[in-house]
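Have a look at the structure below before the remarks.
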Number of protein chains: 2
Amino acid sequence: MQHKSLKIKEMKLYIEYSNKDIPKSEDIKTLTAQALQAKQTIINRSGNGNDFLGWVDLPEQITTQELNDINSVAKTLRKKSDVFVVAGIGGSYLGARAVIEALKNNFDYALNTTPLVLYAGNTMCEDYLSDLMQVLDKRDYSLCVISKSGTTTETAVTFRILRNHLEQKYGKQEAKQRIVAITDKEKGILKNIADKEGYKTYVIPDNVGGRFSVLTPVGLLPIAVAGFDITTLINGARQMRNELINHDTSIALDYAINRKYFYNIGKQIELLVNYQPNLVYFNEWFKQLFGESEGKDNKGLFPASVSNTTDLHSMGQYIQQGKRLMFETVLHVENSNNHLSIPQQQDDDDKLNYLTNFSLTQINHKAEEGTRMAHLDGDVSQIQLSIDKLDEENLGALIYFFEFSCAISGYMLGINPFDQPGVEFYKKNMFALLGKK
Amino acid sequence: MQHKSLKIKEMKLYIEYSNKDIPKSEDIKTLTAQALQAKQTIINRSGNGNDFLGWVDLPEQITTQELNDINSVAKTLRKKSDVFVVAGIGGSYLGARAVIEALKNNFDYALNTTPLVLYAGNTMCEDYLSDLMQVLDKRDYSLCVISKSGTTTETAVTFRILRNHLEQKYGKQEAKQRIVAITDKEKGILKNIADKEGYKTYVIPDNVGGRFSVLTPVGLLPIAVAGFDITTLINGARQMRNELINHDTSIALDYAINRKYFYNIGKQIELLVNYQPNLVYFNEWFKQLFGESEGKDNKGLFPASVSNTTDLHSMGQYIQQGKRLMFETVLHVENSNNHLSIPQQQDDDDKLNYLTNFSLTQINHKAEEGTRMAHLDGDVSQIQLSIDKLDEENLGALIYFFEFSCAISGYMLGINPFDQPGVEFYKKNMFALLGKK
């Protein structure tokens, strides 16, 4: 079992190969050289897509003044909103949602915590938006619309409907106080509307792609409105950045080396695995980050995910005994944020008294360990990324870790990790079918 | 484009092959013979796992009296509950959740609709259950616990905690009125507790496996408590059953034939695709049904899913241009249940006036059509299952359609579609690690 420890926190990476997957030392040696070269390509800004490396220095460049401004706007919006709508699609909402879901109460909507963050502009589903309007008719709300160009159909259509609704509900003046636009710094439809109407705006930097944008206002404003500490989030990312930039051995390099190794020996699928339901959207963020970065030129690992132990009772059978297509990357969280004990039952009628010495988290960890052993036996090699707990600092570090690993992985795969040409194909057809000029 | 129409409803199946995937006519002929043989194996109950074919006749066998009893119990529980907790894992909750999410308001939790259905017993996550207890401290609730044996750890631990909580909150007598157990007809830990305490019980039939159990009380009680019409659900399933059992050409056979064809030519992944967020749990139910049925003996398509257009902005790039691993099965819903129009904007500052003649659903369908064309160009063959709308009747028919197709697919693959031996492996390790005797 390999073991690399970060000084900055308890974050560690473990690799366990199934018997069939054990690498030769020269394989790892070759891949390590490639990974170091890829890292150098990032630092030297000499690779494909180097116009989109703005994410690398975000944690260092963002100023206290910028963070204060976001926090101050968030505070105002929180005061006047029962509901805060985030309107954006893909990288314009997934990062924020991943962080918010990981940190919030799993059932905040049933606890009258406000503001409740709801997501829109990420679907054309008529029932979804109709249902949302029922809520917005009844509740005080404000809105953040996130789009670089303002032309993304799902977000633009939703914004037209909500903007109209806000103006009817509150009048044009108050509506303007309830809308924030996060968009291009100078051009585009949304920027023009925002300037004309006088909305508060934040900038999506030109050199940061959507899936790498969570540490810009795209992610930071919604996270702050949800009540979480963006300064600590950035601080976690900054610590991870310093670790990864300044060292030639790191958990990010180890991760990139090993996932490329698994790809080279024929694995088709990387399964991101967690053991807690509030990480489901972190999985979704991961899937966009890696799928959109690597999935081109007929290359790349197919990113899939499960949330255990829930999904051990649905996808578990396939993973254990189906076609041998995958390895797993398990996100292990050492400590829970709450404590709940299992009560003693005098007559032990459910035969569970043997568990009352364990916390639920300890049982969950035994399930995780049992699964790791079972899957290794079933020829599913294991990468485990272990973190101390789910908080802003760890999430910031995790985000930077995966972004950096993803960029290295993309360069090792020989593709441009920062474009997404394939996303345009369906849009082009759709616009033709809709008769757009 | 093939085209088979059901008399009973507007449900249709379309197949479009990418240029690289076009079958030879003898391929389809051979597979058709295999599919008909598989169908006969089901009807004759002569195949592996034929002890678990109870699901085949469920829609015919359930009586009006049984449905009335479930509806009557559901009515009582609805009256006394702000929250209804469904405690079960895998097949013990996924079917109910798939139907409830497809039919309910997307934001019911923000509309004070009651009872709010919440899910537990499907995770060991300490934060999740702690968060749930905060809700249950404040709200009136009742509970349905679903487990054949009563020994499934996630569900049993949750049930101990909630049973204790209910007894402390309401006293032992009232707690008994708020608990329903769905379990074995005569034996097992949960059955024993229910008999001792005098809980209302429903039976999980011996010949119906978890993933095929949504049309038993396992699915029907939660669906009824959520306020939906289980008689119509069963009626939809019954119509589909009659169609599939009584004909030797059907959409289920076509579906099974084509997914086996794609498997034979080397596809690794079947992507279930929808275009509305309230079908995400239908995807999850599908993934268990097919993954757990087919994923054994190193065989089977890996079941994955996306919810578009949302995921076109995350997984879309990979599907369009990544490694060519998959075909898609698209669930097309022709009509929405709500209507919402796009307002005219006088100065057209967002350049969307060209869309105001379209409903959101029409735009969504153009996105779907544009995606189909793009993915065919990208060598991703398309199966499309088209339904009229999301209601109880169509969902009942869909459920039976997928169950029947899955059984045929399993027999065509040469495995037992009704067991899940691999699920035990992690449990065995876990129990050893926990020191269970």
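Numbering starts fresh at 1 for the residues of each chain in the structure tokens, the chains themselves are lettered A, B, ... in the order given, and ligands are numbered from 1 as they appear.
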Can you list every residue in region 284-370 of chain B that DSSP puts in helix (DSSP H, G or I), as a compact mmCIF listing (two decimals) with C-alpha atoms, in the first residue's frame?
```
# COMPACT_ATOMS: atom_id res chain seq x y z
CA GLU B 284 -31.64 4.73 -10.38
CA TRP B 285 -34.35 2.08 -10.27
CA PHE B 286 -33.40 1.04 -13.82
CA LYS B 287 -29.72 0.81 -12.87
CA GLN B 288 -30.47 -1.58 -10.03
CA LEU B 289 -32.89 -3.62 -12.13
CA PHE B 290 -30.48 -4.20 -14.99
CA GLY B 291 -27.16 -3.97 -13.16
CA GLU B 292 -28.10 -6.42 -10.45
CA SER B 293 -29.86 -8.78 -12.89
CA GLU B 294 -27.18 -8.91 -15.58
CA THR B 310 -28.61 19.29 -17.62
CA ASP B 311 -25.98 16.62 -18.18
CA LEU B 312 -25.29 17.57 -21.80
CA HIS B 313 -23.28 20.29 -20.06
CA GLY B 316 -22.19 15.53 -23.03
CA GLN B 317 -18.61 16.06 -24.20
CA TYR B 318 -17.60 12.51 -23.29
CA ILE B 319 -20.68 10.98 -24.91
CA GLN B 320 -20.07 12.95 -28.10
CA GLN B 321 -16.33 12.47 -28.49
CA ASN B 353 -38.23 36.37 -28.88
CA TYR B 354 -37.76 33.79 -31.63
CA LEU B 355 -38.65 31.17 -29.00
CA LEU B 360 -40.59 24.81 -23.02
CA THR B 361 -41.50 21.20 -23.75
CA GLN B 362 -41.21 21.84 -27.48
CA ILE B 363 -37.79 23.40 -27.01
CA ASN B 364 -36.80 20.47 -24.81
CA HIS B 365 -37.89 18.09 -27.59
CA LYS B 366 -35.82 19.98 -30.13
CA ALA B 367 -32.84 19.65 -27.82
CA GLU B 368 -33.55 15.93 -27.60
CA GLU B 369 -33.81 15.63 -31.37
CA GLY B 370 -30.66 17.66 -31.92
```
(message) Residues near region 374-386 of chain B, anyone? I mean within 9 Å using only C-alpha atoms, not counting same-chain ones fewer than 5 positions away, as a count of residues only.
(response) 37
(message) Give me, as an MDAnalysis selection string, all polymer residues having an atom no more than 6 Å from Ser142 (chain A), counting only C-alpha atoms and skipping those fewer than 6 positions away in the same chain.
(response) chainID A and resid 81 84 178
(request) Determine which residues of region 143-365 of chain A receive a DSSP assignment of strand (DSSP E), computed from the backbone, and state them as a ChimeraX atom specification. (result) /A:143-146,179-183,200-203,269-274,302-307,326-335
(request) List the neighbours of Lys80 (chain A) out to 10 Å using only C-alpha atoms; skip same-chain residues closer than 4 positions along the sequence, and give me the result as a ChimeraX atom specification. (result) /A:75-76,84,114-115,140-142,177-178
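Here CA of Asp254 (chain A) stands at a distance of 24.1 Å from CA of Asn335 (chain A).
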Region 200-214 of chain A: which residues within 7 Å, counting only C-alpha atoms, same-chain residues fewer than 6 positions away excluded, as an mmCIF file with all heavy atoms, in the first residue's frame?
```
data_model
loop_
_atom_site.group_PDB
_atom_site.id
_atom_site.type_symbol
_atom_site.label_atom_id
_atom_site.label_comp_id
_atom_site.auth_asym_id
_atom_site.auth_seq_id
_atom_site.Cartn_x
_atom_site.Cartn_y
_atom_site.Cartn_z
ATOM 1 N N ASP A 51 -4.468 29.061 -22.627
ATOM 2 C CA ASP A 51 -5.234 30.289 -22.377
ATOM 3 C C ASP A 51 -6.235 30.110 -21.238
ATOM 4 O O ASP A 51 -6.855 31.077 -20.785
ATOM 5 C CB ASP A 51 -6.048 30.682 -23.618
ATOM 6 C CG ASP A 51 -5.155 31.235 -24.711
ATOM 7 O OD1 ASP A 51 -3.964 31.482 -24.438
ATOM 8 O OD2 ASP A 51 -5.658 31.394 -25.839
ATOM 9 N N PHE A 52 -6.437 28.855 -20.837
ATOM 10 C CA PHE A 52 -7.450 28.570 -19.811
ATOM 11 C C PHE A 52 -6.824 28.043 -18.524
ATOM 12 O O PHE A 52 -7.384 27.183 -17.864
ATOM 13 C CB PHE A 52 -8.475 27.582 -20.365
ATOM 14 C CG PHE A 52 -9.394 28.212 -21.373
ATOM 15 C CD1 PHE A 52 -9.104 28.200 -22.725
ATOM 16 C CD2 PHE A 52 -10.546 28.874 -20.949
ATOM 17 C CE1 PHE A 52 -9.943 28.806 -23.654
ATOM 18 C CE2 PHE A 52 -11.399 29.480 -21.863
ATOM 19 C CZ PHE A 52 -11.099 29.454 -23.226
ATOM 20 N N LEU A 53 -5.659 28.581 -18.191
ATOM 21 C CA LEU A 53 -4.994 28.142 -16.964
ATOM 22 C C LEU A 53 -5.205 29.098 -15.793
ATOM 23 O O LEU A 53 -4.506 29.025 -14.778
ATOM 24 C CB LEU A 53 -3.497 27.929 -17.225
ATOM 25 C CG LEU A 53 -3.168 26.642 -17.983
ATOM 26 C CD1 LEU A 53 -1.688 26.637 -18.402
ATOM 27 C CD2 LEU A 53 -3.462 25.412 -17.137
ATOM 28 N N GLY A 54 -6.181 29.981 -15.944
ATOM 29 C CA GLY A 54 -6.430 30.945 -14.878
ATOM 30 C C GLY A 54 -6.739 30.320 -13.522
ATOM 31 O O GLY A 54 -6.430 30.889 -12.477
ATOM 32 N N TRP A 55 -7.340 29.112 -13.550
ATOM 33 C CA TRP A 55 -7.693 28.441 -12.290
ATOM 34 C C TRP A 55 -6.476 28.135 -11.430
ATOM 35 O O TRP A 55 -6.587 28.022 -10.212
ATOM 36 C CB TRP A 55 -8.470 27.151 -12.580
ATOM 37 C CG TRP A 55 -7.701 26.199 -13.439
ATOM 38 C CD1 TRP A 55 -7.688 26.131 -14.797
ATOM 39 C CD2 TRP A 55 -6.788 25.197 -12.985
ATOM 40 N NE1 TRP A 55 -6.820 25.157 -15.232
ATOM 41 C CE2 TRP A 55 -6.261 24.563 -14.142
ATOM 42 C CE3 TRP A 55 -6.354 24.757 -11.738
ATOM 43 C CZ2 TRP A 55 -5.333 23.521 -14.066
ATOM 44 C CZ3 TRP A 55 -5.428 23.724 -11.651
ATOM 45 C CH2 TRP A 55 -4.920 23.118 -12.812
ATOM 46 N N GLY A 91 -20.790 23.846 -15.554
ATOM 47 C CA GLY A 91 -19.841 24.456 -14.640
ATOM 48 C C GLY A 91 -20.350 25.712 -13.965
ATOM 49 O O GLY A 91 -19.762 26.185 -12.992
ATOM 50 N N SER A 92 -21.477 26.250 -14.450
ATOM 51 C CA SER A 92 -22.026 27.454 -13.830
ATOM 52 C C SER A 92 -22.859 27.167 -12.585
ATOM 53 O O SER A 92 -23.344 28.091 -11.957
ATOM 54 C CB SER A 92 -22.876 28.228 -14.848
ATOM 55 O OG SER A 92 -22.040 28.751 -15.864
ATOM 56 N N GLY A 95 -20.222 23.278 -9.301
ATOM 57 C CA GLY A 95 -19.241 23.477 -8.234
ATOM 58 C C GLY A 95 -19.889 24.015 -6.982
ATOM 59 O O GLY A 95 -19.685 23.506 -5.873
ATOM 60 N N ALA A 96 -20.701 25.055 -7.150
ATOM 61 C CA ALA A 96 -21.407 25.625 -5.999
ATOM 62 C C ALA A 96 -22.302 24.571 -5.358
ATOM 63 O O ALA A 96 -22.306 24.402 -4.136
ATOM 64 C CB ALA A 96 -22.249 26.824 -6.438
ATOM 65 N N LYS A 148 -21.512 33.014 -19.094
ATOM 66 C CA LYS A 148 -20.444 33.831 -19.675
ATOM 67 C C LYS A 148 -21.003 34.708 -20.800
ATOM 68 O O LYS A 148 -20.776 35.911 -20.835
ATOM 69 C CB LYS A 148 -19.356 32.889 -20.213
ATOM 70 C CG LYS A 148 -18.163 33.571 -20.859
ATOM 71 C CD LYS A 148 -17.154 34.087 -19.844
ATOM 72 C CE LYS A 148 -15.879 34.568 -20.517
ATOM 73 N NZ LYS A 148 -15.119 35.499 -19.645
ATOM 74 N N VAL A 180 -28.400 39.269 -9.296
ATOM 75 C CA VAL A 180 -26.963 39.401 -9.490
ATOM 76 C C VAL A 180 -26.606 38.620 -10.753
ATOM 77 O O VAL A 180 -27.063 37.486 -10.934
ATOM 78 C CB VAL A 180 -26.170 38.835 -8.297
ATOM 79 C CG1 VAL A 180 -24.671 38.888 -8.555
ATOM 80 C CG2 VAL A 180 -26.520 39.583 -7.016
ATOM 81 N N ALA A 181 -25.820 39.231 -11.616
ATOM 82 C CA ALA A 181 -25.382 38.552 -12.843
ATOM 83 C C ALA A 181 -23.891 38.252 -12.744
ATOM 84 O O ALA A 181 -23.092 39.133 -12.434
ATOM 85 C CB ALA A 181 -25.668 39.430 -14.057
ATOM 86 N N ILE A 182 -23.528 37.001 -13.011
ATOM 87 C CA ILE A 182 -22.116 36.617 -13.049
ATOM 88 C C ILE A 182 -21.821 36.256 -14.494
ATOM 89 O O ILE A 182 -22.385 35.300 -15.028
ATOM 90 C CB ILE A 182 -21.833 35.459 -12.071
ATOM 91 C CG1 ILE A 182 -22.336 35.836 -10.668
ATOM 92 C CG2 ILE A 182 -20.353 35.125 -12.048
ATOM 93 C CD1 ILE A 182 -22.125 34.775 -9.615
ATOM 94 N N THR A 183 -20.958 37.054 -15.118
ATOM 95 C CA THR A 183 -20.860 36.978 -16.583
ATOM 96 C C THR A 183 -19.516 37.543 -17.067
ATOM 97 O O THR A 183 -18.609 37.792 -16.266
ATOM 98 C CB THR A 183 -22.071 37.716 -17.219
ATOM 99 O OG1 THR A 183 -22.070 37.522 -18.625
ATOM 100 C CG2 THR A 183 -22.063 39.202 -16.891
ATOM 101 N N ASP A 184 -19.424 37.709 -18.353
ATOM 102 C CA ASP A 184 -18.210 38.246 -18.968
ATOM 103 C C ASP A 184 -17.911 39.657 -18.435
ATOM 104 O O ASP A 184 -18.823 40.396 -18.063
ATOM 105 C CB ASP A 184 -18.406 38.310 -20.477
ATOM 106 C CG ASP A 184 -17.112 38.596 -21.201
ATOM 107 O OD1 ASP A 184 -16.369 37.634 -21.490
ATOM 108 O OD2 ASP A 184 -16.822 39.788 -21.463
ATOM 109 N N LYS A 185 -16.632 40.016 -18.455
ATOM 110 C CA LYS A 185 -16.293 41.318 -17.866
ATOM 111 C C LYS A 185 -16.732 42.492 -18.740
ATOM 112 O O LYS A 185 -16.964 43.596 -18.249
ATOM 113 C CB LYS A 185 -14.805 41.427 -17.530
ATOM 114 C CG LYS A 185 -13.841 41.515 -18.699
ATOM 115 C CD LYS A 185 -12.423 41.772 -18.144
ATOM 116 C CE LYS A 185 -11.416 41.919 -19.283
ATOM 117 N NZ LYS A 185 -11.285 40.670 -20.098
ATOM 118 N N LEU A 220 -18.371 31.077 -5.564
ATOM 119 C CA LEU A 220 -18.235 31.717 -4.247
ATOM 120 C C LEU A 220 -19.497 32.455 -3.809
ATOM 121 O O LEU A 220 -19.867 32.404 -2.629
ATOM 122 C CB LEU A 220 -17.037 32.678 -4.252
ATOM 123 C CG LEU A 220 -15.672 32.005 -4.485
ATOM 124 C CD1 LEU A 220 -14.569 33.079 -4.544
ATOM 125 C CD2 LEU A 220 -15.351 30.974 -3.412
ATOM 126 N N GLN A 288 -18.270 15.951 -14.437
ATOM 127 C CA GLN A 288 -18.079 16.985 -15.462
ATOM 128 C C GLN A 288 -16.601 17.304 -15.630
ATOM 129 O O GLN A 288 -16.089 17.387 -16.753
ATOM 130 C CB GLN A 288 -18.824 18.286 -15.141
ATOM 131 C CG GLN A 288 -18.587 19.321 -16.266
ATOM 132 C CD GLN A 288 -19.085 20.712 -15.996
ATOM 133 O OE1 GLN A 288 -19.486 21.039 -14.889
ATOM 134 N NE2 GLN A 288 -19.079 21.547 -17.017
ATOM 135 N N LEU A 289 -15.915 17.502 -14.493
ATOM 136 C CA LEU A 289 -14.512 17.919 -14.559
ATOM 137 C C LEU A 289 -13.699 16.936 -15.415
ATOM 138 O O LEU A 289 -13.015 17.334 -16.370
ATOM 139 C CB LEU A 289 -13.925 18.009 -13.139
ATOM 140 C CG LEU A 289 -12.469 18.462 -13.048
ATOM 141 C CD1 LEU A 289 -12.302 19.893 -13.548
ATOM 142 C CD2 LEU A 289 -11.938 18.337 -11.612
ATOM 143 N N GLU A 403 -8.839 19.421 -9.636
ATOM 144 C CA GLU A 403 -8.571 20.252 -10.813
ATOM 145 C C GLU A 403 -7.142 20.037 -11.318
ATOM 146 O O GLU A 403 -6.908 19.861 -12.516
ATOM 147 C CB GLU A 403 -8.808 21.734 -10.482
ATOM 148 C CG GLU A 403 -10.276 22.084 -10.317
ATOM 149 C CD GLU A 403 -10.541 23.544 -9.940
ATOM 150 O OE1 GLU A 403 -9.566 24.268 -9.615
ATOM 151 O OE2 GLU A 403 -11.708 23.945 -9.955
ATOM 152 N N PHE A 418 -8.800 21.557 -21.684
ATOM 153 C CA PHE A 418 -9.553 22.775 -21.361
ATOM 154 C C PHE A 418 -10.591 23.184 -22.405
ATOM 155 O O PHE A 418 -11.208 24.231 -22.266
ATOM 156 C CB PHE A 418 -8.573 23.922 -21.078
ATOM 157 C CG PHE A 418 -7.568 23.564 -20.023
ATOM 158 C CD1 PHE A 418 -6.228 23.418 -20.326
ATOM 159 C CD2 PHE A 418 -7.983 23.321 -18.718
ATOM 160 C CE1 PHE A 418 -5.306 23.049 -19.349
ATOM 161 C CE2 PHE A 418 -7.081 22.951 -17.737
ATOM 162 C CZ PHE A 418 -5.732 22.814 -18.055
#
```
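Between CA of Tyr411 (chain A) and CA of Ala38 (chain A) the interatomic distance comes to 5.6 Å.
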Spatial neighbours of Pro59 (chain A), max dist 10 Å, only C-alpha atoms, sep filter under 6 positions, as a compact mmCIF listing (two decimals) with C-alpha atoms, in the first residue's frame:
```txt
# COMPACT_ATOMS: atom_id res chain seq x y z
CA LEU A 215 -13.29 29.28 -6.90
CA THR A 216 -14.40 32.38 -8.85
CA THR A 231 -12.43 32.54 2.96
CA LEU A 233 -12.66 27.40 1.28
CA ILE A 234 -10.09 29.49 -0.58
CA ASN A 235 -7.58 28.92 2.17
CA GLY A 236 -7.94 25.14 1.76
CA ALA A 237 -7.42 25.48 -1.98
CA ARG A 238 -4.40 27.71 -1.40
CA GLN A 239 -2.74 25.18 0.89
CA MET A 240 -3.32 22.42 -1.65
CA ARG A 241 -2.01 24.62 -4.44
CA ASN A 242 1.22 25.32 -2.62
CA GLY A 396 -11.34 23.78 -1.01
CA TYR A 400 -7.93 22.11 -6.15
```
(request) Would you mind reading off the distance between CA of Ile146 (chain B) and CA of Gly171 (chain B), one decimal, in Å? (result)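 CA of Gly171 (chain B) lies at a distance of 22.3 Å from CA of Ile146 (chain B).
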